[in-house]
$ cat target-v1.txt   # compact mmCIF, C-alpha atoms
# COMPACT_ATOMS: atom_id res chain seq x y z
CA MET A 106 -50.18 33.51 -17.89
CA ALA A 107 -51.03 37.07 -18.69
CA GLU A 108 -54.54 36.39 -19.78
CA MET A 109 -57.83 36.94 -18.18
CA ASP A 110 -59.82 33.78 -17.82
CA THR A 111 -63.45 34.64 -18.16
CA SER A 112 -64.82 31.22 -19.04
CA SER A 113 -67.46 30.19 -16.58
CA GLY A 114 -65.88 27.88 -14.14
CA GLY A 115 -67.69 24.79 -12.86
CA GLY A 116 -71.07 25.39 -11.33
CA HIS A 117 -74.27 24.05 -12.69
CA LYS A 118 -74.05 21.43 -15.28
CA LYS A 119 -76.51 21.61 -18.03
CA GLY A 120 -78.96 18.83 -18.46
CA PRO A 121 -78.42 16.10 -20.98
CA GLY A 122 -80.91 17.52 -23.45
CA VAL A 123 -79.59 21.05 -23.42
CA LYS A 124 -77.27 21.95 -26.22
CA LYS A 125 -74.12 23.79 -25.41
CA GLY A 126 -73.87 27.20 -27.07
CA LYS A 127 -70.69 27.78 -28.98
CA LYS A 128 -68.18 29.35 -26.64
CA LEU A 129 -66.03 32.16 -27.86
CA SER A 130 -62.72 32.69 -26.19
CA THR A 131 -62.73 35.86 -24.13
CA ARG A 132 -59.08 35.74 -23.19
CA ILE A 133 -57.15 38.92 -23.87
CA ASP A 134 -53.43 39.05 -24.17
CA LEU A 135 -52.30 41.60 -21.59
CA THR A 136 -48.57 41.38 -22.27
CA PRO A 137 -48.29 44.54 -24.44
CA MET A 138 -50.23 46.57 -21.91
CA VAL A 139 -47.97 45.46 -19.08
CA ASP A 140 -44.92 46.17 -21.23
CA LEU A 141 -46.14 49.67 -21.86
CA GLY A 142 -46.88 50.09 -18.18
CA PHE A 143 -43.37 49.22 -17.17
CA LEU A 144 -41.94 51.40 -19.89
CA LEU A 145 -43.87 54.36 -18.52
CA ILE A 146 -42.81 53.56 -14.96
CA THR A 147 -39.20 53.58 -16.01
CA PHE A 148 -39.67 56.86 -17.84
CA PHE A 149 -41.34 58.62 -14.93
CA MET A 150 -38.87 57.23 -12.44
CA PHE A 151 -35.98 58.70 -14.39
CA THR A 152 -37.51 62.07 -15.10
CA THR A 153 -39.06 62.74 -11.73
CA THR A 154 -37.46 64.99 -9.14
CA LEU A 155 -38.56 63.75 -5.81
CA ALA A 156 -35.91 65.48 -3.77
CA LYS A 157 -36.38 69.20 -3.96
CA PRO A 158 -33.27 71.32 -3.83
CA LYS A 159 -32.22 72.37 -0.37
CA THR A 160 -31.17 75.88 0.39
CA MET A 161 -29.20 77.70 2.97
CA GLU A 162 -30.45 81.07 4.03
CA ILE A 163 -27.97 83.79 4.73
CA ASN A 164 -28.38 87.28 6.00
CA MET A 165 -25.73 89.76 5.12
CA PRO A 166 -25.09 92.68 7.45
CA TYR A 167 -26.91 95.86 6.55
CA LYS A 168 -24.72 98.19 4.59
CA ASP A 169 -25.27 101.72 3.54
CA LYS A 170 -22.94 104.27 2.08
CA ASN A 171 -24.48 106.97 4.27
CA LEU A 172 -23.94 105.03 7.46
CA GLN A 173 -21.82 107.05 9.85
CA ASP A 174 -18.91 105.50 11.67
CA GLU A 175 -20.39 106.16 15.08
CA ASP A 176 -23.59 104.31 14.16
CA LYS A 177 -21.74 101.16 13.43
CA ASN A 178 -21.53 98.50 16.05
CA LYS A 179 -18.08 97.93 17.32
CA ILE A 180 -17.29 94.43 18.34
CA LYS A 181 -14.96 93.71 21.15
CA ASN A 182 -11.62 92.19 20.39
CA SER A 183 -12.15 89.45 22.95
CA VAL A 184 -15.26 87.98 21.33
CA ALA A 185 -14.00 88.00 17.77
CA LEU A 186 -12.42 85.26 15.75
CA THR A 187 -11.19 86.21 12.31
CA VAL A 188 -11.03 83.47 9.73
CA LEU A 189 -9.20 83.96 6.47
CA LEU A 190 -9.95 81.61 3.61
CA SER A 191 -7.05 81.03 1.30
CA LYS A 192 -6.13 78.93 -1.70
CA ASN A 193 -6.23 75.12 -1.81
CA HIS A 194 -8.92 75.14 0.90
CA ARG A 195 -6.49 76.34 3.54
CA VAL A 196 -7.84 78.31 6.46
CA TYR A 197 -6.01 80.86 8.58
CA TYR A 198 -7.42 82.27 11.76
CA TYR A 199 -6.52 84.59 14.56
CA GLU A 200 -8.13 85.84 17.71
CA GLY A 201 -9.55 89.32 17.72
CA ILE A 202 -10.33 91.65 14.86
CA GLY A 203 -6.73 92.48 14.07
CA ASP A 204 -7.14 96.26 14.11
CA ASP A 205 -3.89 97.00 15.89
CA PRO A 206 -1.57 98.27 13.16
CA ASN A 207 1.54 97.91 15.28
CA LYS A 208 1.09 94.35 16.29
CA ALA A 209 0.59 91.69 13.67
CA PRO A 210 -1.95 89.07 14.73
CA ASP A 211 -0.76 85.58 15.44
CA LEU A 212 -1.92 83.73 12.34
CA LYS A 213 -2.49 80.01 12.62
CA ALA A 214 -3.18 77.65 9.75
CA THR A 215 -5.79 74.92 9.73
CA THR A 216 -8.19 73.11 7.39
CA PHE A 217 -11.84 72.11 7.13
CA ALA A 218 -11.00 68.61 8.40
CA GLN A 219 -13.44 66.93 10.76
CA LYS A 220 -10.77 66.56 13.43
CA ASN A 221 -8.37 69.29 14.51
CA GLY A 222 -9.86 71.57 11.88
CA ILE A 223 -11.38 75.00 12.15
CA ARG A 224 -14.40 73.55 13.96
CA ASP A 225 -12.39 72.71 17.04
CA GLU A 226 -11.07 76.26 17.14
CA ILE A 227 -14.57 77.71 16.89
CA ILE A 228 -15.81 75.45 19.67
CA ALA A 229 -12.84 76.37 21.87
CA LYS A 230 -13.39 80.07 21.25
CA LYS A 231 -17.08 79.77 21.96
CA LYS A 232 -16.35 78.08 25.26
CA MET A 233 -13.89 80.82 26.12
CA VAL A 234 -16.46 83.53 25.44
CA ASP A 235 -19.05 81.67 27.51
CA ASP A 236 -16.58 81.40 30.39
CA MET A 237 -15.83 85.10 30.19
CA LYS A 238 -19.54 85.87 30.27
CA ARG A 239 -19.95 83.76 33.36
CA SER A 240 -17.03 85.39 35.13
CA GLY A 241 -18.43 88.81 34.36
CA ALA A 242 -15.67 89.97 32.04
CA LEU A 243 -18.26 90.26 29.28
CA THR A 244 -21.88 91.29 29.50
CA GLY A 245 -24.79 89.15 28.36
CA LYS A 246 -25.09 91.26 25.25
CA ASP A 247 -21.71 90.18 23.93
CA GLU A 248 -21.88 87.32 21.49
CA MET A 249 -19.06 85.44 19.93
CA THR A 250 -18.48 86.87 16.48
CA VAL A 251 -16.79 85.24 13.55
CA LEU A 252 -15.43 87.42 10.81
CA ILE A 253 -15.08 85.52 7.57
CA LYS A 254 -12.65 87.05 5.14
CA PRO A 255 -12.29 85.07 1.95
CA ASP A 256 -9.22 85.79 -0.13
CA THR A 257 -9.56 86.09 -3.89
CA THR A 258 -7.92 82.70 -4.29
CA SER A 259 -10.59 80.89 -2.27
CA THR A 260 -13.57 79.16 -3.85
CA TYR A 261 -17.28 79.14 -3.26
CA ASN A 262 -16.88 75.74 -1.63
CA ASP A 263 -14.75 77.29 1.10
CA LEU A 264 -17.31 80.00 1.74
CA VAL A 265 -20.20 77.56 2.01
CA ASN A 266 -18.15 75.26 4.22
CA MET A 267 -17.39 78.15 6.53
CA LEU A 268 -21.02 79.32 6.64
CA ASP A 269 -21.98 75.74 7.32
CA GLU A 270 -19.59 75.65 10.28
CA MET A 271 -21.48 78.65 11.65
CA ASN A 272 -24.71 76.66 11.50
CA ILE A 273 -23.09 73.52 12.85
CA ASN A 274 -21.60 75.30 15.84
CA ASP A 275 -24.56 77.58 16.39
CA ILE A 276 -22.65 80.83 15.96
CA LYS A 277 -25.28 83.54 15.81
CA VAL A 278 -23.17 86.47 14.78
CA TYR A 279 -20.94 86.25 11.77
CA ALA A 280 -20.13 88.37 8.80
CA ILE A 281 -18.47 88.05 5.43
CA ILE A 282 -16.01 90.89 5.06
CA ASP A 283 -13.58 91.88 2.35
CA ILE A 284 -10.04 90.86 3.03
CA THR A 285 -7.54 93.67 3.40
CA ASP A 286 -4.14 93.89 1.79
CA VAL A 287 -2.58 93.80 5.24
CA GLU A 288 -4.19 90.44 5.90
CA ARG A 289 -3.12 89.17 2.51
CA GLY A 290 0.40 90.10 3.59
CA PHE A 291 -0.06 88.06 6.77
CA ILE A 292 -1.09 85.03 4.77
CA SER A 293 1.86 85.23 2.40
CA ALA A 294 4.23 85.83 5.33
CA THR A 295 2.88 82.77 7.14
CA GLU A 296 3.04 80.71 3.97
CA GLN A 297 6.64 81.71 3.42
CA ALA A 298 7.52 80.93 7.02
CA ASN A 299 5.99 77.47 6.67
CA GLY A 300 7.50 76.89 3.26
CA ILE A 301 4.13 76.58 1.47
CA LYS A 302 3.88 77.87 -2.03
CA MET B 266 -48.79 37.89 -12.07
CA THR B 267 -51.98 39.85 -11.56
CA ALA B 268 -50.73 41.14 -8.23
CA MET B 269 -47.47 42.26 -9.80
CA CYS B 270 -49.32 44.07 -12.57
CA ASP B 271 -51.47 45.77 -9.96
CA VAL B 272 -48.43 47.00 -8.09
CA ALA B 273 -46.76 48.10 -11.31
CA PHE B 274 -49.73 50.19 -12.34
CA LEU B 275 -50.07 51.62 -8.87
CA LEU B 276 -46.45 52.75 -9.09
CA LEU B 277 -47.08 54.12 -12.55
CA THR B 278 -50.01 56.17 -11.29
CA PHE B 279 -47.96 57.42 -8.38
CA PHE B 280 -45.06 58.57 -10.52
CA MET B 281 -47.34 60.14 -13.07
CA LEU B 282 -49.07 62.17 -10.41
CA ALA B 283 -46.02 62.96 -8.30
CA THR B 284 -43.69 63.83 -11.13
CA LYS B 285 -42.40 67.27 -11.77
CA PHE B 286 -40.11 67.49 -14.70
CA LYS B 287 -36.58 68.55 -14.05
CA PRO B 288 -36.18 72.14 -15.12
CA GLN B 289 -33.79 72.64 -17.94
CA GLU B 290 -30.45 73.67 -16.58
CA PRO B 291 -28.28 76.09 -18.48
CA VAL B 292 -25.04 74.57 -17.27
CA VAL B 293 -23.97 71.71 -15.09
CA VAL B 294 -23.34 73.00 -11.62
CA LYS B 295 -22.00 70.97 -8.73
CA THR B 296 -23.24 72.67 -5.61
CA PRO B 297 -21.40 72.36 -2.30
CA SER B 298 -22.96 70.55 0.66
CA SER B 299 -24.32 71.95 3.85
CA ILE B 300 -26.41 70.73 6.77
CA SER B 301 -29.20 73.16 5.95
CA SER B 302 -32.47 71.42 5.11
CA ILE B 303 -34.70 74.33 4.14
CA ILE B 304 -36.62 73.37 1.02
CA LEU B 305 -36.56 75.72 -1.92
CA PRO B 306 -40.03 77.20 -2.55
CA ASP B 307 -41.73 76.59 -5.91
CA LYS B 308 -43.02 80.04 -6.57
CA ASN B 309 -41.55 83.51 -6.66
CA VAL B 310 -38.01 82.36 -7.14
CA MET B 311 -35.29 84.06 -9.05
CA LEU B 312 -32.35 81.80 -9.64
CA LEU B 313 -28.86 83.02 -10.37
CA THR B 314 -26.65 80.22 -11.58
CA LEU B 315 -22.90 80.60 -11.46
CA ASP B 316 -20.76 77.96 -13.10
CA ALA B 317 -17.17 77.05 -12.36
CA LYS B 318 -15.90 79.39 -15.08
CA GLY B 319 -17.70 82.35 -13.53
CA ARG B 320 -20.52 82.70 -16.05
CA ILE B 321 -23.78 83.98 -14.60
CA PHE B 322 -27.18 82.76 -15.80
CA PHE B 323 -30.47 84.30 -14.84
CA SER B 324 -33.73 82.39 -14.59
CA ILE B 325 -37.10 83.05 -13.12
CA ASP B 326 -40.14 80.85 -12.47
CA ASN B 327 -42.82 80.40 -15.10
CA ASN B 328 -45.27 83.09 -14.24
CA ALA B 329 -46.36 84.60 -17.54
CA LYS B 330 -47.62 87.85 -16.01
CA MET B 331 -44.39 88.45 -14.17
CA ARG B 332 -42.30 87.52 -17.17
CA ASP B 333 -44.26 89.89 -19.40
CA ALA B 334 -43.77 92.68 -16.89
CA LEU B 335 -40.07 91.96 -16.65
CA PHE B 336 -39.82 91.88 -20.43
CA GLU B 337 -41.44 95.29 -20.74
CA TYR B 338 -39.22 96.77 -18.04
CA ILE B 339 -36.05 95.44 -19.63
CA ASN B 340 -37.18 96.47 -23.09
CA SER B 341 -37.88 100.05 -22.13
CA ASP B 342 -35.03 100.34 -19.65
CA LYS B 343 -32.40 99.25 -22.13
CA GLY B 344 -34.12 100.41 -25.32
CA LEU B 345 -33.73 97.05 -27.01
CA ASN B 346 -36.70 97.41 -29.44
CA LEU B 347 -37.87 93.87 -28.88
CA THR B 348 -40.98 92.66 -30.70
CA GLU B 349 -44.10 90.73 -29.68
CA THR B 350 -42.66 87.49 -31.07
CA GLU B 351 -39.64 87.96 -28.88
CA LYS B 352 -41.95 88.56 -25.94
CA LYS B 353 -43.55 85.17 -26.54
CA SER B 354 -40.13 83.61 -26.78
CA PHE B 355 -39.14 85.29 -23.52
CA ASP B 356 -42.15 83.71 -21.78
CA LEU B 357 -40.77 80.27 -22.54
CA VAL B 358 -37.04 80.77 -22.27
CA PRO B 359 -35.58 78.62 -19.46
CA SER B 360 -32.61 80.81 -18.67
CA ILE B 361 -30.66 83.76 -19.94
CA GLY B 362 -26.90 83.90 -20.02
CA VAL B 363 -26.20 86.52 -22.65
CA PRO B 364 -25.52 90.25 -22.40
CA PHE B 365 -28.24 92.66 -23.53
CA SER B 366 -26.44 93.20 -26.82
CA GLN B 367 -27.08 89.55 -27.73
CA LEU B 368 -30.52 89.21 -26.14
CA LYS B 369 -32.44 89.94 -29.33
CA ALA B 370 -30.58 87.28 -31.28
CA TYR B 371 -30.98 84.85 -28.42
CA LEU B 372 -34.75 85.32 -28.24
CA ASP B 373 -35.09 85.02 -32.03
CA ALA B 374 -33.42 81.62 -32.02
CA THR B 375 -35.37 78.36 -31.82
CA PRO B 376 -35.33 76.46 -28.50
CA ASP B 377 -32.76 74.03 -29.88
CA GLN B 378 -30.52 76.83 -31.01
CA GLN B 379 -31.02 78.55 -27.66
CA LYS B 380 -29.81 75.44 -25.89
CA ASP B 381 -26.75 75.41 -28.08
CA MET B 382 -26.18 79.12 -27.56
CA GLY B 383 -26.67 78.69 -23.81
CA GLU B 384 -23.75 76.32 -23.62
CA LYS B 385 -21.47 78.81 -25.32
CA ALA B 386 -23.04 81.86 -23.71
CA PRO B 387 -20.65 84.35 -22.13
CA GLY B 388 -22.91 84.83 -19.10
CA ILE B 389 -24.50 88.00 -17.84
CA PRO B 390 -21.87 90.67 -17.17
CA ALA B 391 -21.61 91.65 -13.51
CA ASP B 392 -19.48 93.83 -11.33
CA THR B 393 -18.88 94.32 -7.64
CA ALA B 394 -20.43 97.79 -7.82
CA ALA B 395 -24.19 97.71 -8.37
CA GLU B 396 -24.21 101.09 -10.12
CA ALA B 397 -21.45 100.24 -12.58
CA PRO B 398 -22.69 100.75 -16.18
CA ASN B 399 -21.51 97.30 -17.25
CA ASN B 400 -23.29 95.56 -14.39
CA GLU B 401 -26.16 94.04 -16.36
CA LEU B 402 -26.93 91.61 -13.58
CA ALA B 403 -27.97 94.58 -11.47
CA VAL B 404 -30.43 95.64 -14.20
CA TRP B 405 -31.95 92.16 -14.27
CA ILE B 406 -32.26 92.03 -10.50
CA ARG B 407 -33.75 95.48 -10.22
CA ASN B 408 -36.33 94.90 -12.93
CA ALA B 409 -37.20 91.44 -11.68
CA ARG B 410 -37.82 92.88 -8.24
CA ASN B 411 -39.99 95.56 -9.79
CA SER B 412 -42.07 93.00 -11.64
CA ASN B 413 -42.52 90.90 -8.51
CA PRO B 414 -41.55 92.39 -5.14
CA GLN B 415 -41.95 89.04 -3.37
CA LEU B 416 -39.26 87.47 -5.43
CA ARG B 417 -36.88 85.36 -3.41
CA ILE B 418 -33.34 85.31 -4.63
CA CYS B 419 -31.49 82.05 -4.83
CA ILE B 420 -27.91 81.55 -5.85
CA LYS B 421 -26.85 78.24 -7.27
CA ALA B 422 -23.13 78.27 -7.66
CA ASP B 423 -20.54 75.68 -8.47
CA GLY B 424 -18.28 74.73 -5.61
CA ASP B 425 -15.24 75.44 -7.73
CA ALA B 426 -16.33 78.94 -8.65
CA SER B 427 -13.79 81.41 -7.36
CA TYR B 428 -14.67 83.83 -4.61
CA PRO B 429 -14.36 87.03 -6.69
CA ASP B 430 -17.09 85.67 -9.00
CA ILE B 431 -19.52 84.96 -6.20
CA GLN B 432 -18.54 88.25 -4.63
CA LYS B 433 -19.80 90.06 -7.73
CA ILE B 434 -23.26 88.59 -7.20
CA ILE B 435 -23.32 89.21 -3.46
CA LYS B 436 -22.09 92.79 -3.83
CA THR B 437 -24.64 93.49 -6.55
CA LEU B 438 -27.41 92.21 -4.31
CA GLU B 439 -26.10 94.30 -1.44
CA GLY B 440 -26.04 97.30 -3.73
CA TRP B 441 -29.81 96.89 -4.14
CA LYS B 442 -30.25 96.48 -0.40
CA ILE B 443 -30.92 92.78 -0.63
CA PHE B 444 -29.26 91.28 2.39
CA LYS B 445 -31.23 88.09 2.63
CA PHE B 446 -30.92 85.40 0.03
CA ASN B 447 -30.67 81.67 -0.32
CA LEU B 448 -27.76 79.55 -1.42
CA ILE B 449 -28.67 76.23 -2.97
CA THR B 450 -26.69 73.38 -1.46
CA ASN B 451 -26.78 69.63 -1.24
CA LEU B 452 -27.74 68.07 2.01
CA LYS B 453 -25.10 66.46 4.17
CA ALA B 454 -25.30 64.80 7.55
CA ILE B 455 -24.79 66.87 10.67
CA PRO B 456 -21.47 65.93 12.32
CA THR B 457 -22.04 64.19 15.63
CA GLY B 458 -21.29 65.95 18.89
CA THR B 459 -21.70 69.48 17.56
CA ALA B 460 -24.15 72.15 18.69
CA ALA B 461 -26.37 71.63 15.63
CA TYR B 462 -26.40 67.89 16.23
CA LYS B 463 -27.52 68.32 19.81
CA ASP B 464 -30.17 70.77 18.66
CA ALA B 465 -31.54 68.43 16.01
CA ASN B 466 -31.63 65.46 18.35
CA ALA B 467 -33.16 67.42 21.21
CA GLY B 468 -36.04 68.22 18.87
CA VAL B 469 -36.54 64.54 18.09
CA THR B 470 -36.58 63.31 21.69
CA SER B 471 -38.82 66.04 23.00
CA LYS B 472 -41.58 65.29 20.49

$ encode --input "target-v1.txt" --output "structure tokens"
Amino acid sequence: MAEMDTSSGGGHKKGPGVKKGKKLSTRIDLTPMVDLGFLLITFFMFTTTLAKPKTMEINMPYKDKNLQDEDKNKIKNSVALTVLLSKNHRVYYYEGIGDDPNKAPDLKATTFAQKNGIRDEIIAKKKMVDDMKRSGALTGKDEMTVLIKPDTTSTYNDLVNMLDEMNINDIKVYAIIDITDVERGFISATEQANGIK
Amino acid sequence: MTAMCDVAFLLLTFFMLATKFKPQEPVVVKTPSSISSIILPDKNVMLLTLDAKGRIFFSIDNNAKMRDALFEYINSDKGLNLTETEKKSFDLVPSIGVPFSQLKAYLDATPDQQKDMGEKAPGIPADTAAEAPNNELAVWIRNARNSNPQLRICIKADGDASYPDIQKIIKTLEGWKIFKFNLITNLKAIPTGTAAYKDANAGVTSK
């Protein structure tokens, strides 16, 4: 089976007077070679890394200690959506940037679920901003902005999921910002109101 | 039979030529998924690994010149009095997850011992303030950037790592005015009907 047959096949027959030379077998057993071949294939198949790691590129906003307040861009309340990441992969969000100290923002809870999750809210908000642009309430320069504020109880998974939502929904302006104690208070207040511990 | 052998050896040749050995990983890290499909470059990469317990490991690609430069910077910066033998060891070390106080011992160990030490390593100390004296990660980043200004910074973090841990790395990078970096993620499918989905499919049909 695994041999090479090198004996001369058929062809011219030698005459009756011609003596046949002694034929040596030239068959080589190839089985060990093939075995080794397959062994090496298996080895390389297991050790190889065909799929290179994929990366996600993020740009953080420029920060400088010497930056003056008046140099900073102020975003309008109407284009902003603030998303708070909390424990057990829960997500809280509210419209605006929540800078009014007298009025607590209306915190709503959601998840990263495919349906009725944070994505639907982002899409709805984006549509709202687009509508406002069309009606002239906002100028062309205004872009929908998402402020991501992860709480200390959130995980890296939550952060990447949220950044991924930005890519999925084509949100061009977003920022990761430190959560404030006030917002932490909002979360715990909402959790208490909903009976979540 | 002959045909099968031919195919087998063809495959063997292919794998032998196409193979690139998996780099030794300091810890097992389960990265989160994203739709991003940018491929990590081979060269000029600095990798910061963060495991679920919050330990930070530093690794850099195998460029002997750059590694030597980094070694010299670290040695003089921190006054560690490292020797030539330790320099050779540093050229080969896959990753570092020990504070400077233990670096000498770590480099003196054999590769097998290093692997063992790596598993128990406390990780590189970091802080949210880049200038903090205990922020050794900042020292690594600064010196690595000095030894190779084109260095791209990649963060490979476990999905279960808590936010304050990842925040330490991000804040340290920001402290050195690095606002652009890569997060290593697994690839997942783009959800249908979203803006990114439309974008991706528009590209396909228009071609």

$ interface_residues --input "target-v1.txt" --of "chain A" --to "chain B" --cutoff "6 Å" --atoms "only C-alpha atoms" --output "list in words"
Ile146, Phe149, Thr153, Pro158, Lys159, Thr160, Met161, Glu162, Ile163, Asn164, Met165, Thr257, Ser259, Thr260, Tyr261, Asn262, Asp269, Ile273, Asn274 and Asp275 of chain A

$ closest_residue --input "target-v1.txt" --among "B:Ser360, B:Thr350, B:Thr314, B:Gln379" --to "Asn327 of chain B" --atoms "all atoms listed in the file"
B:Ser360

$ atom_distance --input "target-v1.txt" --atom1 "atom CA of Pro255 of chain A" --atom2 "atom CA of Asp283 of chain A"
6.9 Å

$ atom_distance --input "target-v1.txt" --atom1 "atom CA of Ala329 of chain B" --atom2 "atom CA of Leu345 of chain B"
20.1 Å

$ axis_aligned_box --input "target-v1.txt" --around "segment 349-366 of chain B" --padding-each-side "3 Å" --output "lines of an AutoDock Vina configuration file"
center_x = -34.8
center_y = 85.9
center_z = -24.9
size_x = 24.6
size_y = 20.6
size_z = 18.4

$ atom_distance --input "target-v1.txt" --atom1 "atom CA of Trp441 of chain B" --atom2 "atom CA of Leu189 of chain A"
26.5 Å
